[in-house]
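Text of run.txt (compact mmCIF, C-alpha atoms) as supplied:
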# COMPACT_ATOMS: atom_id res chain seq x y z
CA MET A 1 0.00 0.00 0.00
CA ASP A 2 2.85 2.42 0.81
CA LEU A 3 3.93 2.18 -2.82
CA PHE A 4 1.05 4.44 -3.74
CA SER A 5 2.50 7.27 -1.66
CA GLN A 6 5.29 7.37 -4.27
CA LEU A 7 3.06 6.99 -7.31
CA VAL A 8 0.33 9.58 -6.70
CA PHE A 9 1.14 13.28 -6.99
CA LEU A 10 -0.30 16.71 -6.58
CA VAL A 11 -0.48 18.62 -9.86
CA GLY A 12 -0.04 22.37 -9.65
CA ARG A 13 1.05 25.54 -11.33
CA VAL A 14 3.83 27.79 -10.11
CA THR A 15 2.68 31.36 -9.54
CA PRO A 16 4.75 34.28 -8.25
CA ALA A 17 3.37 33.72 -4.76
CA HIS A 18 3.10 29.97 -4.41
CA VAL A 19 2.20 26.72 -6.13
CA LYS A 20 -1.49 26.76 -7.01
CA LEU A 21 -2.74 23.21 -6.50
CA LEU A 22 -4.95 22.00 -9.35
CA GLY A 23 -5.68 18.35 -8.72
CA THR A 24 -4.24 14.85 -8.63
CA GLY A 25 -2.08 12.84 -11.03
CA PHE A 26 -0.29 9.51 -10.90
CA LEU A 27 2.73 7.83 -12.43
CA VAL A 28 1.94 5.56 -15.37
CA ARG A 29 5.46 4.84 -16.57
CA GLU A 30 8.77 4.49 -14.79
CA ASP A 31 10.35 7.19 -16.96
CA GLY A 32 8.18 9.94 -15.54
CA LEU A 33 4.89 10.02 -17.44
CA VAL A 34 2.06 11.19 -15.21
CA ALA A 35 -1.65 10.83 -16.01
CA THR A 36 -4.29 13.31 -14.93
CA THR A 37 -7.41 14.87 -16.39
CA PHE A 38 -7.45 17.56 -19.06
CA HIS A 39 -9.59 19.83 -16.91
CA VAL A 40 -7.00 19.72 -14.13
CA ILE A 41 -4.27 21.26 -16.30
CA GLY A 42 -6.50 23.24 -18.68
CA THR A 43 -5.26 24.71 -21.95
CA ASP A 44 -2.29 26.59 -20.45
CA PRO A 45 0.83 24.41 -20.37
CA SER A 46 3.02 26.96 -18.60
CA GLN A 47 4.57 26.51 -15.17
CA LEU A 48 2.98 23.13 -14.57
CA VAL A 49 4.57 21.00 -11.86
CA VAL A 50 3.96 17.88 -9.88
CA LEU A 51 4.99 17.87 -6.26
CA ALA A 52 7.46 15.24 -5.09
CA PRO A 53 5.97 12.85 -2.50
CA HIS A 54 5.91 14.37 0.99
CA ILE A 55 5.48 11.07 2.83
CA SER A 56 7.00 7.63 2.43
CA SER A 57 4.18 5.74 4.08
CA LEU A 58 0.43 6.14 3.87
CA ASN A 59 0.37 5.55 7.62
CA ALA A 60 2.51 8.59 8.31
CA TYR A 61 0.85 11.61 9.87
CA GLN A 62 0.72 14.28 7.18
CA ASP A 63 1.57 17.66 8.65
CA LEU A 64 -1.03 20.01 7.19
CA SER A 65 0.86 23.03 8.52
CA ASP A 66 3.92 22.12 6.45
CA THR A 67 3.72 24.21 3.28
CA SER A 68 7.18 23.30 1.97
CA CYS A 69 7.23 21.35 -1.25
CA GLN A 70 9.51 20.12 -4.00
CA PRO A 71 8.04 21.04 -7.40
CA ILE A 72 9.07 18.94 -10.37
CA PRO A 73 8.53 20.66 -13.76
CA ALA A 74 5.97 18.96 -15.99
CA GLN A 75 5.38 19.37 -19.72
CA VAL A 76 2.15 18.53 -21.48
CA LYS A 77 2.75 15.48 -23.66
CA GLU A 78 -0.76 14.49 -24.70
CA ILE A 79 -4.27 15.87 -24.30
CA ASP A 80 -7.52 14.12 -25.12
CA PRO A 81 -10.32 16.64 -24.59
CA VAL A 82 -12.98 14.16 -25.66
CA ARG A 83 -12.12 11.76 -22.84
CA ASP A 84 -10.85 14.49 -20.51
CA LEU A 85 -7.41 12.94 -20.09
CA ALA A 86 -3.87 14.30 -20.19
CA ILE A 87 -0.34 12.95 -19.96
CA LEU A 88 2.46 14.99 -18.43
CA LYS A 89 6.17 14.39 -18.96
CA THR A 90 8.41 14.85 -15.94
CA ASP A 91 11.98 14.04 -14.93
CA ILE A 92 10.77 11.58 -12.30
CA ARG A 93 12.61 8.28 -12.46
CA PHE A 94 10.98 5.46 -10.56
CA SER A 95 13.14 2.46 -9.76
CA GLY A 96 10.23 0.19 -8.90
CA MET A 97 7.55 -1.16 -11.16
CA VAL A 98 4.53 0.99 -11.95
CA SER A 99 1.19 -0.79 -11.93
CA ARG A 100 -0.02 -1.87 -15.31
CA ILE A 101 -2.95 -0.07 -16.88
CA SER A 102 -6.17 -1.96 -17.39
CA GLY A 103 -9.79 -0.87 -17.44
CA PHE A 104 -13.19 -1.71 -16.01
CA ASP A 105 -13.95 -4.63 -18.35
CA GLN A 106 -12.46 -7.19 -15.96
CA ASP A 107 -14.20 -5.87 -12.84
CA ASP A 108 -17.81 -6.70 -12.04
CA VAL A 109 -20.30 -4.32 -10.53
CA GLY A 110 -19.72 -4.61 -6.78
CA SER A 111 -15.98 -5.09 -7.21
CA GLU A 112 -13.83 -3.29 -4.69
CA ILE A 113 -11.75 -0.41 -5.95
CA HIS A 114 -9.18 1.78 -4.22
CA ILE A 115 -8.95 5.53 -4.81
CA PHE A 116 -5.77 7.50 -4.18
CA GLY A 117 -5.96 11.27 -4.43
CA PHE A 118 -5.85 14.66 -2.80
CA PRO A 119 -9.37 15.82 -1.85
CA HIS A 120 -9.55 19.57 -1.14
CA CYS A 121 -6.08 20.22 -2.53
CA THR A 122 -7.57 23.00 -4.63
CA GLU A 123 -8.25 24.71 -1.30
CA GLY A 124 -4.64 24.32 -0.24
CA ARG A 125 -4.89 21.09 1.71
CA ARG A 126 -2.23 18.44 1.07
CA ALA A 127 -3.36 15.07 2.36
CA LEU A 128 -2.91 12.01 0.20
CA THR A 129 -6.07 10.09 0.98
CA PHE A 130 -7.10 6.50 0.44
CA HIS A 131 -10.74 5.61 -0.12
CA ARG A 132 -12.13 2.12 -0.48
CA SER A 133 -15.31 1.83 -2.50
CA GLU A 134 -16.92 -0.36 -5.10
CA ILE A 135 -18.16 -0.11 -8.65
CA GLY A 136 -21.84 0.78 -8.54
CA ALA A 137 -22.48 0.72 -12.26
CA LYS A 138 -20.72 0.61 -15.59
CA VAL A 139 -21.94 3.31 -17.92
CA ILE A 140 -21.27 4.67 -21.38
CA LEU A 141 -21.05 8.44 -21.52
CA PRO A 142 -21.30 9.92 -25.00
CA ASN A 143 -19.20 12.90 -25.95
CA GLN A 144 -18.80 14.30 -29.45
CA GLY A 145 -20.00 11.05 -30.97
CA ALA A 146 -17.60 8.89 -28.98
CA LYS A 147 -19.04 6.37 -26.54
CA ILE A 148 -16.75 6.31 -23.56
CA LYS A 149 -16.56 3.66 -20.83
CA HIS A 150 -16.97 4.95 -17.30
CA SER A 151 -17.76 3.48 -13.93
CA VAL A 152 -19.92 5.01 -11.29
CA ILE A 153 -18.24 4.49 -7.95
CA ASN A 154 -20.21 4.57 -4.74
CA THR A 155 -18.46 7.38 -2.97
CA GLN A 156 -18.63 11.13 -2.81
CA ALA A 157 -15.69 12.96 -4.32
CA ARG A 158 -14.61 16.53 -3.69
CA PRO A 159 -12.56 19.17 -5.54
CA GLY A 160 -8.94 18.14 -5.87
CA GLN A 161 -9.72 14.50 -6.52
CA SER A 162 -9.93 14.89 -10.28
CA GLY A 163 -7.12 12.79 -11.73
CA SER A 164 -7.06 10.37 -8.82
CA MET A 165 -5.88 6.84 -9.47
CA ILE A 166 -8.54 4.15 -9.39
CA TYR A 167 -6.82 0.88 -8.54
CA SER A 168 -8.40 -2.52 -8.90
CA PRO A 169 -7.08 -4.95 -6.27
CA ASN A 170 -8.78 -7.78 -8.15
CA GLN A 171 -6.74 -7.09 -11.25
CA GLY A 172 -3.67 -5.68 -9.55
CA ALA A 173 -3.88 -2.85 -12.05
CA ILE A 174 -4.89 0.75 -12.54
CA SER A 175 -8.45 0.52 -13.75
CA GLY A 176 -9.64 4.12 -13.95
CA VAL A 177 -9.18 7.82 -13.47
CA LEU A 178 -11.52 9.89 -11.32
CA ILE A 179 -13.20 12.61 -13.36
CA GLY A 180 -15.88 14.18 -11.15
CA ALA A 181 -19.47 14.04 -10.01
CA TRP A 182 -22.44 13.51 -12.28
CA ILE A 183 -24.62 16.59 -12.51
CA PRO A 184 -27.96 16.85 -14.28
CA GLY A 185 -27.17 19.98 -16.28
CA PRO A 186 -26.05 23.57 -15.81
CA ALA A 187 -25.10 24.46 -12.27
CA GLY A 188 -27.95 25.65 -10.11
CA ALA A 189 -27.62 27.74 -6.99
CA ILE A 190 -24.11 27.77 -5.48
CA ILE A 191 -24.19 27.96 -1.68
CA SER A 192 -20.96 29.05 0.03
CA GLY A 193 -19.01 27.88 -3.00
CA ILE A 194 -20.69 24.48 -3.03
CA ASN A 195 -23.00 23.22 -5.73
CA PRO A 196 -25.52 21.03 -3.88
CA SER A 197 -26.13 18.97 -7.01
CA GLU A 198 -22.55 17.65 -6.73
CA LEU A 199 -23.13 16.23 -3.27
CA HIS A 200 -23.96 12.61 -3.93
CA GLN A 201 -22.32 9.22 -4.18
CA THR A 202 -22.23 8.78 -7.93
CA THR A 203 -18.69 9.73 -8.82
CA GLN A 204 -17.72 9.25 -12.46
CA CYS A 205 -14.46 7.53 -13.36
CA ILE A 206 -13.20 6.92 -16.87
CA SER A 207 -11.73 3.56 -17.80
CA ALA A 208 -7.93 3.73 -17.73
CA GLU A 209 -7.64 1.75 -20.97
CA TYR A 210 -7.75 5.03 -22.89
CA LEU A 211 -4.45 6.04 -21.31
CA ASN A 212 -2.64 3.25 -23.14
CA GLU A 213 -3.24 4.96 -26.47
CA MET A 214 -1.68 8.16 -25.15
CA LEU A 215 1.62 6.73 -23.85
CA MET B 1 6.82 29.43 -49.72
CA ILE B 2 4.79 26.44 -48.64
CA ASP B 3 2.60 24.91 -51.33
CA TYR B 4 -0.32 23.81 -49.18
CA GLN B 5 -2.33 22.35 -52.04
CA SER B 6 0.47 19.92 -52.82
CA TYR B 7 -0.37 18.02 -49.62
CA GLY B 8 -3.82 17.14 -50.90
CA CYS B 9 -7.18 17.47 -49.20
CA ASN B 10 -7.84 13.87 -48.22
CA THR B 11 -8.92 14.26 -44.61
CA GLY B 12 -8.03 10.65 -43.84
CA GLU B 13 -4.43 11.24 -44.88
CA TRP B 14 -4.19 14.24 -42.55
CA LEU B 15 -5.71 12.27 -39.68
CA HIS B 16 -3.16 9.54 -40.32
CA CYS B 17 -0.46 12.02 -39.27
CA LEU B 18 -1.95 12.27 -35.78
CA LYS B 19 -1.88 9.94 -32.80
CA PRO B 20 -4.42 7.10 -33.14
CA TYR B 21 -6.48 8.37 -30.20
CA GLN B 22 -6.68 11.82 -31.78
CA ALA B 23 -7.58 10.47 -35.20
CA SER B 24 -10.24 8.21 -33.71
CA SER B 25 -11.94 11.08 -31.88
CA LEU B 26 -11.70 13.38 -34.89
CA ARG B 27 -13.39 10.83 -37.16
CA GLN B 28 -16.34 10.84 -34.76
CA ILE B 29 -16.37 14.61 -34.61
CA LEU B 30 -16.11 14.94 -38.39
CA SER B 31 -19.12 12.68 -38.83
CA GLU B 32 -21.21 15.23 -36.94
CA SER B 33 -19.55 18.38 -38.29
CA GLU B 34 -20.02 20.65 -41.25
CA GLY B 35 -16.51 20.21 -42.59
CA ASP B 36 -12.90 20.37 -41.45
CA GLU B 37 -13.01 23.85 -39.93
CA ASP B 38 -16.16 23.12 -37.96
CA ALA B 39 -14.56 19.92 -36.65
CA ALA B 40 -11.43 21.84 -35.63
CA LYS B 41 -13.60 24.33 -33.76
CA ARG B 42 -15.43 21.53 -31.99
CA TRP B 43 -12.15 19.83 -31.02
CA LEU B 44 -10.90 23.01 -29.37
CA SER B 45 -14.21 23.61 -27.63
CA ILE B 46 -14.49 20.27 -25.86
CA THR B 47 -14.12 20.27 -22.10
CA GLY B 48 -15.12 16.73 -21.23
CA SER B 49 -18.67 15.63 -20.62
CA SER B 50 -21.18 18.38 -19.93
CA ASN B 51 -22.80 16.21 -17.28
CA ILE B 52 -19.76 15.86 -15.04
CA ALA B 53 -18.76 18.46 -12.46
CA ALA B 54 -14.98 18.65 -12.64
CA PHE B 55 -13.16 18.45 -9.33
CA GLY B 56 -10.00 20.37 -10.01
CA GLY B 57 -8.22 22.75 -12.35
CA GLN B 58 -8.81 26.31 -13.43
CA ARG B 59 -11.43 27.41 -15.90
CA ASN B 60 -10.27 29.25 -19.02
CA SER B 61 -13.11 31.32 -20.43
CA GLU B 62 -11.08 33.03 -23.14
CA PRO B 63 -12.39 32.83 -26.70
CA PHE B 64 -10.06 29.99 -27.55
CA TRP B 65 -11.21 29.22 -31.08
CA GLU B 66 -11.08 32.78 -32.37
CA GLN B 67 -7.55 33.26 -31.08
CA PHE B 68 -6.41 30.04 -32.66
CA LYS B 69 -8.08 30.81 -35.97
CA THR B 70 -6.50 34.26 -36.08
CA GLU B 71 -3.01 32.89 -35.48
CA PHE B 72 -3.44 30.06 -37.97
CA HIS B 73 -4.57 32.58 -40.57
CA ARG B 74 -1.51 34.72 -39.79
CA PHE B 75 0.79 31.76 -40.25
CA VAL B 76 -0.64 30.79 -43.60
CA CYS B 77 -1.47 34.19 -45.04
CA ASP B 78 0.98 36.70 -43.57
CA ASP B 79 4.44 36.26 -45.05
CA GLU B 80 5.86 38.48 -42.32
CA ALA B 81 4.47 36.30 -39.51
CA TYR B 82 6.31 33.35 -38.00
CA THR B 83 9.24 33.95 -40.36
CA ASP B 84 11.69 32.09 -38.12
CA LEU B 85 9.57 28.95 -38.19
CA LYS B 86 9.01 29.21 -41.94
CA GLU B 87 12.78 29.51 -42.47
CA LYS B 88 13.34 26.43 -40.33
CA LEU B 89 10.82 24.56 -42.42
CA ARG B 90 12.56 25.64 -45.62
CA ASP B 91 15.86 24.39 -44.23
CA GLN B 92 14.34 20.93 -43.78
CA GLY B 93 14.08 20.37 -47.52
CA VAL B 94 11.21 17.94 -47.59
CA ILE B 95 8.38 19.19 -45.38
CA THR B 96 6.19 16.28 -44.43
CA ARG B 97 2.64 16.75 -43.22
CA GLU B 98 3.71 15.63 -39.74
CA LEU B 99 6.47 18.23 -39.61
CA LEU B 100 4.18 20.96 -40.87
CA ILE B 101 1.54 20.15 -38.27
CA SER B 102 3.98 20.00 -35.38
CA VAL B 103 5.80 23.21 -36.31
CA ILE B 104 2.60 25.23 -36.77
CA ALA B 105 1.05 23.80 -33.59
CA ALA B 106 4.18 24.61 -31.59
CA GLY B 107 4.39 28.11 -33.06
CA ILE B 108 0.77 29.02 -32.36
CA ALA B 109 0.94 27.36 -28.94
CA SER B 110 3.94 29.49 -28.06
CA THR B 111 2.19 32.67 -29.19
CA LEU B 112 -1.08 31.99 -27.41
CA GLY B 113 0.15 30.11 -24.36
CA PHE B 114 -1.81 27.00 -25.18
CA ALA B 115 -0.66 23.39 -25.19
CA ALA B 116 0.68 22.29 -28.59
CA ALA B 117 -0.63 18.77 -27.95
CA LEU B 118 -4.14 20.18 -27.93
CA LEU B 119 -3.66 22.32 -31.04
CA ALA B 120 -2.08 19.73 -33.36
CA PRO B 121 -5.35 18.01 -34.39
CA ALA B 122 -6.98 21.38 -35.10
CA VAL B 123 -3.97 22.44 -37.16
CA ALA B 124 -4.19 19.23 -39.19
CA LEU B 125 -7.86 19.85 -39.97
CA MET B 126 -7.24 23.48 -40.88
CA LEU B 127 -4.34 22.53 -43.17
CA CYS B 128 -6.64 20.07 -44.88
CA ALA B 129 -9.16 22.88 -45.36
CA VAL B 130 -6.47 25.15 -46.85
CA ALA B 131 -5.27 22.38 -49.13
CA ARG B 132 -8.85 21.91 -50.32
CA ILE B 133 -9.49 25.48 -51.43
CA GLY B 134 -5.93 26.73 -51.89
CA LYS B 135 -4.00 29.43 -50.07
CA THR B 136 -5.25 32.22 -52.33
CA ALA B 137 -8.89 31.45 -51.67
CA TYR B 138 -8.29 30.84 -47.95
CA CYS B 139 -6.42 34.09 -47.50
CA GLY B 140 -8.64 36.15 -49.77
CA PRO B 141 -11.04 38.80 -48.54
CA GLY B 142 -14.08 37.54 -46.74
I'd like the structure from this file rewritten - as structure tokens, please.
Amino acid sequence: MDLFSQLVFLVGRVTPAHVKLLGTGFLVREDGLVATTFHVIGTDPSQLVVLAPHISSLNAYQDLSDTSCQPIPAQVKEIDPVRDLAILKTDIRFSGMVSRISGFDQDDVGSEIHIFGFPHCTEGRRALTFHRSEIGAKVILPNQGAKIKHSVINTQARPGQSGSMIYSPNQGAISGVLIGAWIPGPAGAIISGINPSELHQTTQCISAEYLNEML
Amino acid sequence: MIDYQSYGCNTGEWLHCLKPYQASSLRQILSESEGDEDAAKRWLSITGSSNIAAFGGQRNSEPFWEQFKTEFHRFVCDDEAYTDLKEKLRDQGVITRELLISVIAAGIASTLGFAAALLAPAVALMLCAVARIGKTAYCGPG
């Protein structure tokens, strides 16, 4: 389990004042390729970084008052706006073996999945967090004529978790990427910065198989 | 001077110059579009599924397509624009479609501050459109 503390990263952008945290990414190849979502990095490729791991064990207490960090420059290698995925190139060199990339085909509804990400990082909080959940449904989401495999996972996600790794213990592989919460349409009333329609346990994750075509 | 029409206007040949995942998505988009330029506009307008609330990142509300189209037009039509890149292309001797796409995408990306990886498919479609009607017609008034 501790391996994931070295494979999952914060994605951010260097600003004159600090590193603006944008979301989560994770290593998909030993030579430094990091997967995240397109909406995490946006269209601007400048000053993107991933932050080097700040803990070596998931059991370590993460000091939320510690604002020091080690940014690693990241360049945009690939973007797929249709599937909302992106690949970043970094100088990270990982001496271990990165989990293989699979998808949701081999997991049944009800299968356990593990989520590794940084909820609330967009609000400045750095806490690599593990969630255990299960696949609630497999769905096809259309976008621009493409029919794209997703899973609905039975947990509530929050800002900062976009780009989180979905790991299938059954397969021993990365099976998905967390995208966000299903919403019925245009945002309604926003209360204290929160859209109530996002507050539910139907989080959408795209099948990781699409990453293979981008590496 | 780049002879755009010499590259031909077979959209499939231009898509073949892209990554398979890009070509696959563009074929779908083209099937629902009103031509190459409309497909390029759609590609640059996509921000994932409209029914998913994104949990991260920063929104960019700038008129992305218009900026891209303006710069692409400058590259093709304004001999005084992007001269350094055009000279580099000339120095290459044979300018393949792949090279043309990557150089234009990188040039426009650098000017606008956008990711070249996102622009390349739109550049390919726009080059196909130019090849179809010719530079004179593309750059003409109107």
**Prompt:** Could you write out as a VMD selection string the residues of chain B within 7 Å of chain A, counting all atoms listed in the file?
**Reply:** chain B and resid 21 25 28 to 29 46 to 49 51 to 58 113 to 115 117 to 118
**Point-to-point distance from atom CA of A:Gln156 to atom CA of A:Thr202, Å rounded to tenths** = 6.7 Å
Neighbour list for B:Val130 as an mmCIF file with C-alpha atoms, keeping the file's coordinate frame, cut-off 9 Å, all atoms listed in the file, skip fewer than 6 positions in-chain:
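Saved as part-v5.cif:
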data_model
loop_
_atom_site.group_PDB
_atom_site.id
_atom_site.type_symbol
_atom_site.label_atom_id
_atom_site.label_comp_id
_atom_site.auth_asym_id
_atom_site.auth_seq_id
_atom_site.Cartn_x
_atom_site.Cartn_y
_atom_site.Cartn_z
ATOM 1 C CA TYR B 4 -0.320 23.810 -49.180
ATOM 2 C CA GLN B 5 -2.330 22.350 -52.040
ATOM 3 C CA CYS B 9 -7.180 17.470 -49.200
ATOM 4 C CA VAL B 76 -0.640 30.790 -43.600
ATOM 5 C CA ALA B 137 -8.890 31.450 -51.670
ATOM 6 C CA TYR B 138 -8.290 30.840 -47.950
ATOM 7 C CA CYS B 139 -6.420 34.090 -47.500
#
**Prompt:** How many Å separate atom CA of B:Lys135 from atom CA of B:Arg42?
**Reply:**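 Distance reported for this atom pair: 22.8 Å.
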**Request:** List the neighbours of stretch 149-152 of chain A out to 6 Å using all atoms listed in the file; skip same-chain residues closer than 6 positions along the sequence, and give me the result as a PyMOL selection string.
**Result:** chain A and resi 136-140+202-207
**Message:** Give me, as a list of chain:residue names, all polymer residues having an atom no more than 12 Å from B:Val94, counting only C-alpha atoms and skipping those fewer than 6 positions away in the same chain.
**Reply:** B:Ile2, B:Asp3, B:Tyr7, B:Lys88, B:Leu100
**Message:** Rounded to one decimal, what separation in Å do you get between atom CA of A:Arg29 and atom CA of A:Arg100?
**Reply:**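 About the pair atom CA of A:Arg29 and atom CA of A:Arg100: they are 8.8 Å apart.
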**Message:** If we count only C-alpha atoms and set the cut-off at 12 Å, which residues sit around stretch 10-16 of chain B, ignoring sequence neighbours fewer than 6 positions away in its own chain? Please answer as a ChimeraX atom specification.
**Reply:** /B:22-28,30-31,35-37,39-40,96-101,120-132
Using the selection just defined, write its residues with C-alpha atoms as a PDB file, in the frame of the given file.
ATOM      1  CA  GLN B  22      -6.680  11.820 -31.780  1.00  0.00           C
ATOM      2  CA  ALA B  23      -7.580  10.470 -35.200  1.00  0.00           C
ATOM      3  CA  SER B  24     -10.240   8.210 -33.710  1.00  0.00           C
ATOM      4  CA  SER B  25     -11.940  11.080 -31.880  1.00  0.00           C
ATOM      5  CA  LEU B  26     -11.700  13.380 -34.890  1.00  0.00           C
ATOM      6  CA  ARG B  27     -13.390  10.830 -37.160  1.00  0.00           C
ATOM      7  CA  GLN B  28     -16.340  10.840 -34.760  1.00  0.00           C
ATOM      8  CA  LEU B  30     -16.110  14.940 -38.390  1.00  0.00           C
ATOM      9  CA  SER B  31     -19.120  12.680 -38.830  1.00  0.00           C
ATOM     10  CA  GLY B  35     -16.510  20.210 -42.590  1.00  0.00           C
ATOM     11  CA  ASP B  36     -12.900  20.370 -41.450  1.00  0.00           C
ATOM     12  CA  GLU B  37     -13.010  23.850 -39.930  1.00  0.00           C
ATOM     13  CA  ALA B  39     -14.560  19.920 -36.650  1.00  0.00           C
ATOM     14  CA  ALA B  40     -11.430  21.840 -35.630  1.00  0.00           C
ATOM     15  CA  THR B  96       6.190  16.280 -44.430  1.00  0.00           C
ATOM     16  CA  ARG B  97       2.640  16.750 -43.220  1.00  0.00           C
ATOM     17  CA  GLU B  98       3.710  15.630 -39.740  1.00  0.00           C
ATOM     18  CA  LEU B  99       6.470  18.230 -39.610  1.00  0.00           C
ATOM     19  CA  LEU B 100       4.180  20.960 -40.870  1.00  0.00           C
ATOM     20  CA  ILE B 101       1.540  20.150 -38.270  1.00  0.00           C
ATOM     21  CA  ALA B 120      -2.080  19.730 -33.360  1.00  0.00           C
ATOM     22  CA  PRO B 121      -5.350  18.010 -34.390  1.00  0.00           C
ATOM     23  CA  ALA B 122      -6.980  21.380 -35.100  1.00  0.00           C
ATOM     24  CA  VAL B 123      -3.970  22.440 -37.160  1.00  0.00           C
ATOM     25  CA  ALA B 124      -4.190  19.230 -39.190  1.00  0.00           C
ATOM     26  CA  LEU B 125      -7.860  19.850 -39.970  1.00  0.00           C
ATOM     27  CA  MET B 126      -7.240  23.480 -40.880  1.00  0.00           C
ATOM     28  CA  LEU B 127      -4.340  22.530 -43.170  1.00  0.00           C
ATOM     29  CA  CYS B 128      -6.640  20.070 -44.880  1.00  0.00           C
ATOM     30  CA  ALA B 129      -9.160  22.880 -45.360  1.00  0.00           C
ATOM     31  CA  VAL B 130      -6.470  25.150 -46.850  1.00  0.00           C
ATOM     32  CA  ALA B 131      -5.270  22.380 -49.130  1.00  0.00           C
ATOM     33  CA  ARG B 132      -8.850  21.910 -50.320  1.00  0.00           C
TER      34      ARG B 132
END
**Prompt:** Which residues, written as a list in words, have at least one atom at most 10 Å from B:Tyr82, with only C-alpha atoms counted and residues fewer than 4 positions away on the same chain left out?
**Reply:**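 Surrounding residues, per the criterion: Glu71, Arg74, Phe75, Val76, Asp78, Lys86, Glu87, Ile104, Gly107, Ile108 and Thr111 of chain B.
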Selection file, C-alpha atoms, as a PDB file, keeping the file's coordinate frame:
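Produced file result-v4.pdb, reproduced below:
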ATOM      1  CA  GLU B  71      -3.010  32.890 -35.480  1.00  0.00           C
ATOM      2  CA  ARG B  74      -1.510  34.720 -39.790  1.00  0.00           C
ATOM      3  CA  PHE B  75       0.790  31.760 -40.250  1.00  0.00           C
ATOM      4  CA  VAL B  76      -0.640  30.790 -43.600  1.00  0.00           C
ATOM      5  CA  ASP B  78       0.980  36.700 -43.570  1.00  0.00           C
ATOM      6  CA  LYS B  86       9.010  29.210 -41.940  1.00  0.00           C
ATOM      7  CA  GLU B  87      12.780  29.510 -42.470  1.00  0.00           C
ATOM      8  CA  ILE B 104       2.600  25.230 -36.770  1.00  0.00           C
ATOM      9  CA  GLY B 107       4.390  28.110 -33.060  1.00  0.00           C
ATOM     10  CA  ILE B 108       0.770  29.020 -32.360  1.00  0.00           C
ATOM     11  CA  THR B 111       2.190  32.670 -29.190  1.00  0.00           C
TER      12      THR B 111
END
Padding 6 Å on every side, please: axis-aligned box over the listed atoms of stretch 134-139 of chain A, centre and edge lengths to one decimal in Å, as lines of an AutoDock Vina configuration file.
center_x = -19.7
center_y = 1.5
center_z = -11.5
size_x = 17.6
size_y = 15.7
size_z = 24.8
